[in-house]
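Q: My structure is stored as coords.cif, with mmCIF, C-alpha atoms.
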data_entry
#
loop_
_atom_site.group_PDB
_atom_site.id
_atom_site.type_symbol
_atom_site.label_atom_id
_atom_site.label_comp_id
_atom_site.auth_asym_id
_atom_site.auth_seq_id
_atom_site.Cartn_x
_atom_site.Cartn_y
_atom_site.Cartn_z
ATOM 1 C CA MET N 1 72.273 194.549 -12.690
ATOM 2 C CA PRO N 2 73.484 192.447 -15.658
ATOM 3 C CA LYS N 3 73.647 188.661 -15.449
ATOM 4 C CA ILE N 4 77.234 187.412 -15.747
ATOM 5 C CA ALA N 5 78.217 183.794 -16.431
ATOM 6 C CA VAL N 6 81.803 182.583 -16.048
ATOM 7 C CA THR N 7 82.646 179.344 -17.860
ATOM 8 C CA SER N 8 86.318 178.933 -16.917
ATOM 9 C CA PRO N 9 86.954 176.552 -13.995
ATOM 10 C CA SER N 10 90.259 178.200 -13.042
ATOM 11 C CA PHE N 11 88.627 181.649 -12.867
ATOM 12 C CA SER N 12 85.547 180.356 -11.073
ATOM 13 C CA THR N 13 87.454 178.573 -8.310
ATOM 14 C CA ASN N 14 90.013 181.313 -7.705
ATOM 15 C CA ASN N 15 89.224 183.103 -4.424
ATOM 16 C CA PHE N 16 90.932 186.319 -5.466
ATOM 17 C CA LEU N 17 88.953 186.544 -8.721
ATOM 18 C CA GLN N 18 85.719 185.594 -6.969
ATOM 19 C CA ASN N 19 86.166 188.519 -4.600
ATOM 20 C CA GLU N 20 87.062 190.895 -7.426
ATOM 21 C CA ILE N 21 84.068 190.114 -9.624
ATOM 22 C CA TYR N 22 81.619 190.301 -6.705
ATOM 23 C CA LYS N 23 82.895 193.803 -5.902
ATOM 24 C CA HIS N 24 81.283 194.990 -9.134
ATOM 25 C CA PHE N 25 78.565 192.487 -10.072
ATOM 26 C CA THR N 26 76.062 190.715 -7.841
ATOM 27 C CA ASN N 27 74.318 188.434 -10.339
ATOM 28 C CA VAL N 28 77.231 186.131 -11.200
ATOM 29 C CA LYS N 29 77.193 182.433 -12.046
ATOM 30 C CA LEU N 30 80.527 180.659 -11.452
ATOM 31 C CA ASN N 31 81.546 177.249 -12.760
ATOM 32 C CA LEU N 32 82.380 175.895 -9.324
ATOM 33 C CA ASN N 33 81.867 172.276 -10.412
ATOM 34 C CA LYS N 34 84.710 172.633 -12.945
ATOM 35 C CA ILE N 35 82.551 171.478 -15.843
ATOM 36 C CA ARG N 36 84.329 171.079 -19.201
ATOM 37 C CA PHE N 37 81.517 172.353 -21.371
ATOM 38 C CA GLN N 38 80.356 170.878 -24.650
ATOM 39 C CA ARG N 39 77.974 172.765 -26.905
ATOM 40 C CA ASP N 40 74.639 171.749 -25.351
ATOM 41 C CA ASN N 41 75.491 172.221 -21.682
ATOM 42 C CA LEU N 42 77.427 175.395 -22.539
ATOM 43 C CA ILE N 43 74.305 176.886 -24.136
ATOM 44 C CA ASP N 44 72.209 175.880 -21.144
ATOM 45 C CA TYR N 45 74.750 177.537 -18.842
ATOM 46 C CA ILE N 46 75.054 180.901 -20.656
ATOM 47 C CA LYS N 47 71.730 181.274 -22.496
ATOM 48 C CA ASP N 48 70.307 183.938 -20.133
ATOM 49 C CA ALA N 49 73.526 185.894 -19.585
ATOM 50 C CA ASP N 50 74.086 189.530 -20.523
ATOM 51 C CA GLY N 51 77.843 189.093 -20.303
ATOM 52 C CA ILE N 52 80.114 186.059 -20.198
ATOM 53 C CA ILE N 53 83.723 185.373 -19.293
ATOM 54 C CA VAL N 54 85.054 182.500 -21.391
ATOM 55 C CA GLY N 55 88.282 180.577 -21.550
ATOM 56 C CA LEU N 56 88.682 177.896 -24.232
ATOM 57 C CA GLU N 57 84.989 177.119 -24.836
ATOM 58 C CA ILE N 58 83.849 177.243 -28.472
ATOM 59 C CA ILE N 59 81.621 180.277 -29.005
ATOM 60 C CA ASP N 60 80.333 179.923 -32.564
ATOM 61 C CA ASP N 61 77.331 181.389 -34.376
ATOM 62 C CA TYR N 62 75.020 178.601 -33.262
ATOM 63 C CA VAL N 63 75.906 179.131 -29.590
ATOM 64 C CA LEU N 64 75.424 182.884 -30.003
ATOM 65 C CA SER N 65 72.022 182.315 -31.620
ATOM 66 C CA LYS N 66 70.839 180.691 -28.393
ATOM 67 C CA CYS N 67 71.909 183.641 -26.228
ATOM 68 C CA PRO N 68 69.448 186.451 -27.047
ATOM 69 C CA ASN N 69 70.525 188.695 -24.153
ATOM 70 C CA LEU N 70 74.265 188.431 -24.701
ATOM 71 C CA LYS N 71 75.966 191.801 -25.141
ATOM 72 C CA ILE N 72 79.656 191.136 -24.407
ATOM 73 C CA ILE N 73 82.120 188.256 -24.304
ATOM 74 C CA ALA N 74 85.139 188.924 -22.080
ATOM 75 C CA LYS N 75 88.066 186.680 -22.892
ATOM 76 C CA TYR N 76 89.881 184.993 -20.009
ATOM 77 C CA GLY N 77 93.201 184.311 -21.715
ATOM 78 C CA VAL N 78 94.705 185.555 -24.952
ATOM 79 C CA GLY N 79 93.755 183.290 -27.863
ATOM 80 C CA LEU N 80 90.619 184.240 -29.807
ATOM 81 C CA ASN N 81 90.464 181.213 -32.129
ATOM 82 C CA ASN N 82 87.568 179.746 -30.090
ATOM 83 C CA ILE N 83 85.324 182.785 -30.670
ATOM 84 C CA ASP N 84 83.587 183.461 -33.983
ATOM 85 C CA LEU N 85 84.453 187.135 -34.239
ATOM 86 C CA GLU N 86 82.509 187.688 -37.461
ATOM 87 C CA ALA N 87 79.366 186.233 -35.896
ATOM 88 C CA CYS N 88 79.832 188.496 -32.872
ATOM 89 C CA LYS N 89 80.154 191.505 -35.162
ATOM 90 C CA ARG N 90 76.982 190.576 -37.075
ATOM 91 C CA ARG N 91 75.063 190.156 -33.830
ATOM 92 C CA ASN N 92 76.489 193.354 -32.303
ATOM 93 C CA ILE N 93 78.127 191.461 -29.450
ATOM 94 C CA ALA N 94 81.266 193.106 -28.091
ATOM 95 C CA VAL N 95 84.426 191.079 -27.471
ATOM 96 C CA GLY N 96 86.731 192.210 -24.667
ATOM 97 C CA TRP N 97 90.304 191.007 -25.092
ATOM 98 C CA THR N 98 93.753 192.073 -23.915
ATOM 99 C CA GLY N 99 96.811 190.679 -25.713
ATOM 100 C CA GLY N 100 99.912 189.516 -23.877
ATOM 101 C CA VAL N 101 98.372 189.350 -20.412
ATOM 102 C CA ASN N 102 99.942 185.916 -19.767
ATOM 103 C CA LYS N 103 103.094 186.353 -21.856
ATOM 104 C CA LEU N 104 105.632 185.968 -19.043
ATOM 105 C CA SER N 105 103.948 182.837 -17.724
ATOM 106 C CA VAL N 106 104.086 181.104 -21.129
ATOM 107 C CA ALA N 107 107.582 182.361 -21.955
ATOM 108 C CA GLU N 108 108.990 181.160 -18.627
ATOM 109 C CA MET N 109 107.522 177.704 -19.158
ATOM 110 C CA THR N 110 108.960 177.595 -22.677
ATOM 111 C CA LEU N 111 112.390 178.466 -21.321
ATOM 112 C CA GLY N 112 111.926 175.707 -18.738
ATOM 113 C CA TYR N 113 111.142 173.250 -21.530
ATOM 114 C CA MET N 114 114.326 174.299 -23.343
ATOM 115 C CA LEU N 115 116.494 173.651 -20.301
ATOM 116 C CA MET N 116 114.806 170.313 -19.545
ATOM 117 C CA LEU N 117 115.256 169.120 -23.128
ATOM 118 C CA CYS N 118 118.820 170.335 -23.601
ATOM 119 C CA ARG N 119 120.128 169.016 -20.301
ATOM 120 C CA ASN N 120 118.205 165.724 -20.524
ATOM 121 C CA LEU N 121 116.506 166.468 -17.195
ATOM 122 C CA PHE N 122 113.127 164.933 -18.024
ATOM 123 C CA ILE N 123 114.392 161.599 -19.331
ATOM 124 C CA THR N 124 117.049 161.056 -16.650
ATOM 125 C CA SER N 125 114.660 161.994 -13.837
ATOM 126 C CA ASN N 126 112.074 159.492 -15.059
ATOM 127 C CA GLU N 127 114.723 156.815 -15.571
ATOM 128 C CA LEU N 128 116.127 157.292 -12.074
ATOM 129 C CA LYS N 129 112.641 156.702 -10.621
ATOM 130 C CA ASN N 130 112.788 153.322 -12.362
ATOM 131 C CA GLY N 131 116.227 152.479 -11.018
ATOM 132 C CA ILE N 132 118.250 153.551 -14.075
ATOM 133 C CA TRP N 133 121.378 155.608 -13.315
ATOM 134 C CA ASN N 134 121.874 157.498 -16.603
ATOM 135 C CA LYS N 135 124.658 160.084 -16.460
ATOM 136 C CA SER N 136 123.894 161.586 -19.871
ATOM 137 C CA GLY N 137 123.642 165.303 -19.121
ATOM 138 C CA GLY N 138 122.754 166.556 -22.575
ATOM 139 C CA PHE N 139 124.146 169.869 -23.784
ATOM 140 C CA GLN N 140 124.054 173.481 -22.621
ATOM 141 C CA LEU N 141 121.398 175.849 -23.907
ATOM 142 C CA SER N 142 123.918 178.688 -23.995
ATOM 143 C CA GLY N 143 125.110 179.570 -27.469
ATOM 144 C CA LYS N 144 122.696 177.305 -29.314
ATOM 145 C CA SER N 145 120.554 178.177 -32.346
ATOM 146 C CA ILE N 146 116.930 178.846 -31.405
ATOM 147 C CA GLY N 147 114.089 179.289 -33.885
ATOM 148 C CA ILE N 148 111.044 181.291 -32.803
ATOM 149 C CA ILE N 149 108.035 181.055 -35.123
ATOM 150 C CA GLY N 150 105.602 183.772 -34.067
ATOM 151 C CA VAL N 151 107.220 186.903 -32.663
ATOM 152 C CA GLY N 152 104.262 188.470 -30.898
ATOM 153 C CA CYS N 153 103.877 189.162 -27.190
ATOM 154 C CA ILE N 154 105.055 185.725 -26.039
ATOM 155 C CA GLY N 155 107.748 185.365 -28.684
ATOM 156 C CA ARG N 156 109.209 188.743 -27.732
ATOM 157 C CA GLU N 157 109.103 187.869 -24.032
ATOM 158 C CA LEU N 158 111.017 184.683 -24.791
ATOM 159 C CA VAL N 159 113.627 186.699 -26.690
ATOM 160 C CA ARG N 160 114.085 188.822 -23.560
ATOM 161 C CA LEU N 161 114.437 185.780 -21.284
ATOM 162 C CA LEU N 162 116.984 184.165 -23.616
ATOM 163 C CA LYS N 163 119.380 187.143 -23.595
ATOM 164 C CA PRO N 164 121.675 185.799 -20.824
ATOM 165 C CA PHE N 165 122.136 182.550 -22.788
ATOM 166 C CA ASN N 166 123.687 184.306 -25.817
ATOM 167 C CA CYS N 167 121.785 182.121 -28.249
ATOM 168 C CA LYS N 168 121.682 182.652 -31.987
ATOM 169 C CA ILE N 169 117.992 183.422 -32.488
ATOM 170 C CA TYR N 170 116.221 182.925 -35.816
ATOM 171 C CA ALA N 171 112.809 184.606 -36.037
ATOM 172 C CA ASN N 172 109.807 184.249 -38.320
ATOM 173 C CA ASP N 173 106.558 186.204 -38.249
ATOM 174 C CA ILE N 174 103.917 187.274 -40.752
ATOM 175 C CA ILE N 175 104.393 190.897 -39.624
ATOM 176 C CA GLU N 176 107.477 192.784 -40.761
ATOM 177 C CA GLN N 177 109.553 193.679 -37.670
ATOM 178 C CA ASP N 178 112.957 194.625 -39.072
ATOM 179 C CA LYS N 179 113.618 197.354 -36.496
ATOM 180 C CA TYR N 180 112.885 195.010 -33.575
ATOM 181 C CA TYR N 181 114.993 192.237 -35.129
ATOM 182 C CA ILE N 182 117.982 194.557 -35.577
ATOM 183 C CA GLU N 183 117.676 195.963 -32.039
ATOM 184 C CA ASN N 184 117.636 192.439 -30.571
ATOM 185 C CA ASN N 185 120.182 190.813 -32.894
ATOM 186 C CA LEU N 186 117.629 188.406 -34.393
ATOM 187 C CA ILE N 187 118.010 186.706 -37.762
ATOM 188 C CA ASN N 188 114.967 187.112 -40.002
ATOM 189 C CA ALA N 189 114.504 183.622 -41.441
ATOM 190 C CA SER N 190 112.063 181.513 -43.392
ATOM 191 C CA LYS N 191 110.325 178.659 -41.603
ATOM 192 C CA ASP N 192 112.289 176.152 -43.680
ATOM 193 C CA ASP N 193 115.594 177.726 -42.617
ATOM 194 C CA ILE N 194 114.501 177.591 -38.980
ATOM 195 C CA PHE N 195 113.602 173.897 -39.210
ATOM 196 C CA LYS N 196 116.872 173.059 -40.956
ATOM 197 C CA LYS N 197 119.309 175.112 -38.872
ATOM 198 C CA CYS N 198 118.035 175.346 -35.299
ATOM 199 C CA ASP N 199 118.733 173.192 -32.270
ATOM 200 C CA ILE N 200 115.339 174.138 -30.800
ATOM 201 C CA VAL N 201 112.241 175.322 -32.662
ATOM 202 C CA THR N 202 109.469 176.879 -30.579
ATOM 203 C CA ILE N 203 106.009 177.801 -31.859
ATOM 204 C CA HIS N 204 104.140 180.935 -30.716
ATOM 205 C CA THR N 205 101.509 181.531 -33.403
ATOM 206 C CA PRO N 206 97.718 181.534 -33.280
ATOM 207 C CA TYR N 207 95.858 178.494 -34.605
ATOM 208 C CA ASP N 208 93.961 179.084 -37.837
ATOM 209 C CA GLU N 209 93.801 177.665 -41.359
ATOM 210 C CA THR N 210 97.241 179.098 -42.143
ATOM 211 C CA THR N 211 98.922 177.367 -39.189
ATOM 212 C CA LYS N 212 96.920 174.115 -39.049
ATOM 213 C CA ASN N 213 99.412 171.202 -39.275
ATOM 214 C CA MET N 214 102.170 173.741 -39.929
ATOM 215 C CA VAL N 215 104.545 171.262 -38.294
ATOM 216 C CA ASN N 216 104.145 167.900 -40.002
ATOM 217 C CA LEU N 217 106.298 164.966 -41.009
ATOM 218 C CA ASN N 218 107.858 166.890 -43.901
ATOM 219 C CA THR N 219 108.938 169.760 -41.658
ATOM 220 C CA LEU N 220 110.084 167.423 -38.890
ATOM 221 C CA LYS N 221 112.273 165.585 -41.411
ATOM 222 C CA MET N 222 113.978 168.901 -42.214
ATOM 223 C CA MET N 223 115.181 169.156 -38.608
ATOM 224 C CA LYS N 224 118.435 167.815 -37.247
ATOM 225 C CA ASN N 225 118.086 164.475 -35.454
ATOM 226 C CA THR N 226 119.566 166.129 -32.358
ATOM 227 C CA SER N 227 117.012 168.945 -32.309
ATOM 228 C CA PHE N 228 113.851 169.612 -30.307
ATOM 229 C CA ILE N 229 110.471 171.163 -31.047
ATOM 230 C CA ILE N 230 108.208 172.985 -28.569
ATOM 231 C CA ASN N 231 104.550 173.953 -28.819
ATOM 232 C CA SER N 232 103.119 176.088 -26.035
ATOM 233 C CA ALA N 233 100.780 177.922 -28.415
ATOM 234 C CA ARG N 234 97.716 175.990 -29.626
ATOM 235 C CA GLY N 235 96.862 172.394 -30.410
ATOM 236 C CA GLY N 236 96.633 171.527 -34.097
ATOM 237 C CA ILE N 237 99.691 173.534 -35.150
ATOM 238 C CA ILE N 238 101.781 170.372 -34.794
ATOM 239 C CA ASN N 239 100.281 167.275 -36.388
ATOM 240 C CA GLU N 240 100.271 164.921 -33.414
ATOM 241 C CA GLU N 241 100.397 161.691 -35.442
ATOM 242 C CA ASP N 242 103.420 162.980 -37.344
ATOM 243 C CA LEU N 243 105.080 164.112 -34.124
ATOM 244 C CA LYS N 244 104.524 160.679 -32.601
ATOM 245 C CA TYR N 245 106.121 159.023 -35.630
ATOM 246 C CA ALA N 246 109.081 161.411 -35.559
ATOM 247 C CA LEU N 247 109.715 160.819 -31.856
ATOM 248 C CA LYS N 248 109.338 157.035 -32.055
ATOM 249 C CA ASN N 249 111.705 156.858 -35.028
ATOM 250 C CA HIS N 250 114.235 159.378 -33.660
ATOM 251 C CA ILE N 251 113.785 161.775 -36.559
ATOM 252 C CA ILE N 252 114.146 164.470 -33.885
ATOM 253 C CA ALA N 253 115.551 164.039 -30.388
ATOM 254 C CA GLY N 254 112.543 165.196 -28.395
ATOM 255 C CA ALA N 255 109.649 167.573 -27.978
ATOM 256 C CA ALA N 256 107.625 169.466 -25.392
ATOM 257 C CA ILE N 257 103.934 170.258 -25.867
ATOM 258 C CA ASP N 258 101.419 172.009 -23.656
ATOM 259 C CA THR N 259 98.477 172.131 -26.067
ATOM 260 C CA TYR N 260 96.569 169.479 -28.002
ATOM 261 C CA MET N 261 93.987 169.154 -30.749
ATOM 262 C CA GLU N 262 91.761 167.357 -28.257
ATOM 263 C CA GLU N 263 91.876 168.512 -24.640
ATOM 264 C CA PRO N 264 92.349 166.530 -22.512
ATOM 265 C CA PRO N 265 94.255 164.382 -25.030
ATOM 266 C CA SER N 266 93.390 160.697 -25.336
ATOM 267 C CA ASP N 267 96.395 159.401 -27.312
ATOM 268 C CA VAL N 268 98.083 157.489 -24.497
ATOM 269 C CA GLU N 269 100.817 156.206 -26.790
ATOM 270 C CA LEU N 270 101.864 159.765 -27.597
ATOM 271 C CA LEU N 271 101.736 160.899 -23.978
ATOM 272 C CA ASN N 272 103.838 157.960 -22.807
ATOM 273 C CA LEU N 273 106.729 158.518 -25.209
ATOM 274 C CA PRO N 274 109.919 158.880 -23.130
ATOM 275 C CA ASN N 275 111.271 161.754 -25.255
ATOM 276 C CA LEU N 276 108.105 163.858 -25.007
ATOM 277 C CA ILE N 277 107.473 166.362 -22.218
ATOM 278 C CA CYS N 278 103.702 166.862 -22.085
ATOM 279 C CA THR N 279 101.831 169.212 -19.762
ATOM 280 C CA PRO N 280 98.076 169.877 -19.421
ATOM 281 C CA HIS N 281 97.838 173.333 -21.070
ATOM 282 C CA ILE N 282 99.266 175.180 -18.079
ATOM 283 C CA GLY N 283 101.509 177.662 -19.901
ATOM 284 C CA GLY N 284 99.315 180.617 -19.019
ATOM 285 C CA ASN N 285 98.242 179.261 -15.649
ATOM 286 C CA SER N 286 100.813 180.593 -13.235
ATOM 287 C CA LYS N 287 99.178 182.186 -10.195
ATOM 288 C CA GLU N 288 100.126 185.640 -11.405
ATOM 289 C CA ALA N 289 98.870 185.034 -14.954
ATOM 290 C CA VAL N 290 95.543 183.592 -13.767
ATOM 291 C CA GLU N 291 94.931 186.697 -11.679
ATOM 292 C CA SER N 292 96.017 189.055 -14.475
ATOM 293 C CA MET N 293 93.822 187.319 -17.050
ATOM 294 C CA GLY N 294 90.886 187.380 -14.657
ATOM 295 C CA ILE N 295 91.262 191.050 -13.789
ATOM 296 C CA SER N 296 91.516 191.868 -17.490
ATOM 297 C CA ALA N 297 88.242 190.036 -18.207
ATOM 298 C CA ILE N 298 86.490 191.717 -15.268
ATOM 299 C CA ASN N 299 87.699 195.128 -16.420
ATOM 300 C CA HIS N 300 86.186 194.573 -19.856
ATOM 301 C CA LEU N 301 82.823 193.889 -18.221
ATOM 302 C CA ILE N 302 83.158 196.952 -15.992
ATOM 303 C CA SER N 303 83.993 199.154 -18.982
ATOM 304 C CA PHE N 304 81.002 197.843 -20.912
ATOM 305 C CA PHE N 305 78.309 197.780 -18.226
ATOM 306 C CA LEU N 306 79.367 200.275 -15.556
ATOM 307 C CA LYS N 307 81.072 203.168 -17.359
#
Please render this file's structure as structure tokens.
A:
Amino acid sequence: MPKIAVTSPSFSTNNFLQNEIYKHFTNVKLNLNKIRFQRDNLIDYIKDADGIIVGLEIIDDYVLSKCPNLKIIAKYGVGLNNIDLEACKRRNIAVGWTGGVNKLSVAEMTLGYMLMLCRNLFITSNELKNGIWNKSGGFQLSGKSIGIIGVGCIGRELVRLLKPFNCKIYANDIIEQDKYYIENNLINASKDDIFKKCDIVTIHTPYDETTKNMVNLNTLKMMKNTSFIINSARGGIINEEDLKYALKNHIIAGAAIDTYMEEPPSDVELLNLPNLICTPHIGGNSKEAVESMGISAINHLISFFLK
């Protein structure tokens, strides 16, 4: 029976997923102590495994070189930017991945961000807890201009959720999707047009060299001072220092971020800004999404080892 190591704390401590993986594999190591692995203790944890289930841990060529028995990496989640795919290919290590498995969870949270920002719910709730009775109710989301950068699984799910709000949706993606845009009444736009015209800009791209610091002070200065930006994709797409400057100086009205270049983030000044909604990378962590991501990862191991 193959040795399986699971690095993700949320998978490892989920009773449903524990039961599911033990139905098929008996030699399983779970991260029950909720360790946030760095390179050395990660290697020590997975070095003898035949298969691993990973979340956000960095699996690069050096880590792979220390795992001589490793045959498959099953991804718990959707982003692959933490796995060196070329190194896996060279070492003949399979990568099991299913796109869009947490799309509704992330899209719902993004819609929640939009409503909180537009209607001033976050600021007024926090002010009321400090004895401030602020009756500023913001503006309605309905009918506003929304820019979606990255129209993949999550971006498309957000388009579906926004339909009742009759928003004017501007879309940008590296893949040509004219038929989908026409069917859903989307406006194919450049990134610059999205930053200049939209009331809310929301990011749903992968993180790589082409998207690193894609949102910076120059792009934030293009935006209206009444507008908002949202990142529920990956840390590093928005330059956090530039975002902090823009929020402190009211270049934009507010922002919501779920992902950070460093996780957990340590920039307390950024996190404490009153016009920033910040959450601890929970976009894909609804109960339903956790179970779906876990079952997907388990199924990749079953397909590889047991079929």
Q: Starting from the displayed file, determine the output of the PyMOL selection byres ((chain N and resi 9-21) around 9) and express the residue list as an MDAnalysis selection string.
A: chainID N and resid 6:8 22:26 28:36 53 55 76 285 290:291 293:295 298
Q: As a check of understanding, name the residues that the PyMOL selection byres ((chain N and resi 183-198) around 10) selects in the supplied structure, as a PyMOL selection string.
A: chain N and resi 144-149+156+159-160+163+167-173+176-182+199-202+214-215+219-224+226-229
Q: Kindly provide the residues of region 108-148 of chain N that approach region 261-278 of chain N to within 8 Å, each paired with its closest atom pair and their distance in Å to one decimal, based on all atoms listed in the file, listed by chain and increasing number, as CSV.
A:
residue,atom,partner,partner_atom,distance
N:Tyr113,CA,N:Ile277,CA,7.8
N:Phe122,CA,N:Ile277,CA,7.2
N:Ile123,CA,N:Pro274,CA,6.5
Q: Would you put the residues from that selection into a file with C-alpha atoms, as a CSV table (one decimal), in the frame of the given file?
A:
chain,number,residue,atom,x,y,z
N,113,TYR,CA,111.1,173.2,-21.5
N,122,PHE,CA,113.1,164.9,-18.0
N,123,ILE,CA,114.4,161.6,-19.3
Q: Enter the distance from CA of Asn231 (chain N) to CA of Gly99 (chain N), in Å, rounded to one decimal.
A: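 One can read the CA of Asn231 (chain N) to CA of Gly99 (chain N) distance as 18.7 Å.
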Q: Neighbours of region 57-67 of chain N within 7 Å (all atoms listed in the file; same-chain residues fewer than 3 positions away dropped), as a PyMOL selection string?
A: chain N and resi 37+43+46-48+54+70+82-84+87
Q: Would you mind reading off the distance between CA of Leu158 (chain N) and CA of Gly96 (chain N), one decimal, in Å?
A: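 So the two atoms, CA of Leu158 (chain N) and CA of Gly96 (chain N), lie 25.4 Å apart.
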Q: For Ser303 (chain N), which residue among N:Met116, N:Ala94, N:Leu56, N:Leu80 is the nearest when counting only C-alpha atoms?
A: N:Ala94
Q: What's around Ile154 (chain N) at 10 Å? Count only C-alpha atoms, leave out sequence neighbours fewer than 4 positions away in its own chain, and write the answer as a PDB file with C-alpha atoms, in the frame of the given file.
A:
ATOM      1  CA  GLY N  99      96.811 190.679 -25.713  1.00  0.00           C
ATOM      2  CA  GLY N 100      99.912 189.516 -23.877  1.00  0.00           C
ATOM      3  CA  VAL N 101      98.372 189.350 -20.412  1.00  0.00           C
ATOM      4  CA  ASN N 102      99.942 185.916 -19.767  1.00  0.00           C
ATOM      5  CA  LYS N 103     103.094 186.353 -21.856  1.00  0.00           C
ATOM      6  CA  LEU N 104     105.632 185.968 -19.043  1.00  0.00           C
ATOM      7  CA  SER N 105     103.948 182.837 -17.724  1.00  0.00           C
ATOM      8  CA  VAL N 106     104.086 181.104 -21.129  1.00  0.00           C
ATOM      9  CA  ALA N 107     107.582 182.361 -21.955  1.00  0.00           C
ATOM     10  CA  GLU N 108     108.990 181.160 -18.627  1.00  0.00           C
ATOM     11  CA  THR N 110     108.960 177.595 -22.677  1.00  0.00           C
ATOM     12  CA  GLY N 150     105.602 183.772 -34.067  1.00  0.00           C
ATOM     13  CA  LEU N 158     111.017 184.683 -24.791  1.00  0.00           C
ATOM     14  CA  VAL N 159     113.627 186.699 -26.690  1.00  0.00           C
ATOM     15  CA  ARG N 160     114.085 188.822 -23.560  1.00  0.00           C
ATOM     16  CA  ILE N 203     106.009 177.801 -31.859  1.00  0.00           C
ATOM     17  CA  HIS N 204     104.140 180.935 -30.716  1.00  0.00           C
ATOM     18  CA  THR N 205     101.509 181.531 -33.403  1.00  0.00           C
ATOM     19  CA  SER N 232     103.119 176.088 -26.035  1.00  0.00           C
ATOM     20  CA  ALA N 233     100.780 177.922 -28.415  1.00  0.00           C
TER      21      ALA N 233
END
Q: Would you work out the distance separating CA of Gly77 (chain N) from CA of Gln38 (chain N), expressed in Å to one decimal?
A: 18.8 Å
Q: Which is closest to Gln140 (chain N) among N:Met114, N:Ala256, N:Ala246, N:Ile175, if we use all atoms listed in the file?
A: N:Met114
Q: Could the centre and edge lengths of an axis-aligned box, enclosing all atoms of region 261-273 of chain N in the file with 5 Å extra on each side, be given in Å to one decimal as JSON?
A:
{"center_x": 99.2, "center_y": 162.7, "center_z": -26.6, "size_x": 25.0, "size_y": 22.9, "size_z": 18.2}
Q: Taking the file as shown, what set of residues would the PyMOL selection byres ((chain N and resi 97) around 8) give back, as JSON, numbers by chain?
A: {"N": [74, 75, 76, 78, 95, 96, 98, 99, 296, 297, 300]}
Q: Restricted to C-alpha atoms, what would the selected residues look like written as a PDB file, keeping the file's coordinate frame?
A:
ATOM      1  CA  ALA N  74      85.139 188.924 -22.080  1.00  0.00           C
ATOM      2  CA  LYS N  75      88.066 186.680 -22.892  1.00  0.00           C
ATOM      3  CA  TYR N  76      89.881 184.993 -20.009  1.00  0.00           C
ATOM      4  CA  VAL N  78      94.705 185.555 -24.952  1.00  0.00           C
ATOM      5  CA  VAL N  95      84.426 191.079 -27.471  1.00  0.00           C
ATOM      6  CA  GLY N  96      86.731 192.210 -24.667  1.00  0.00           C
ATOM      7  CA  THR N  98      93.753 192.073 -23.915  1.00  0.00           C
ATOM      8  CA  GLY N  99      96.811 190.679 -25.713  1.00  0.00           C
ATOM      9  CA  SER N 296      91.516 191.868 -17.490  1.00  0.00           C
ATOM     10  CA  ALA N 297      88.242 190.036 -18.207  1.00  0.00           C
ATOM     11  CA  HIS N 300      86.186 194.573 -19.856  1.00  0.00           C
TER      12      HIS N 300
END
Q: When you look at Leu141 (chain N) with a cut-off of 7 Å (counting only C-alpha atoms), what residues show up, excluding the ones that are within fewer than 3 positions of it in the same chain? I need them as a PyMOL selection string.
A: chain N and resi 115+118+144+165
Q: Which residues are close to Gly236 (chain N), i.e. within 7 Å by all atoms listed in the file, leaving aside same-chain residues fewer than 6 positions away? Reply as a PyMOL selection string.
A: chain N and resi 212-213+260-261
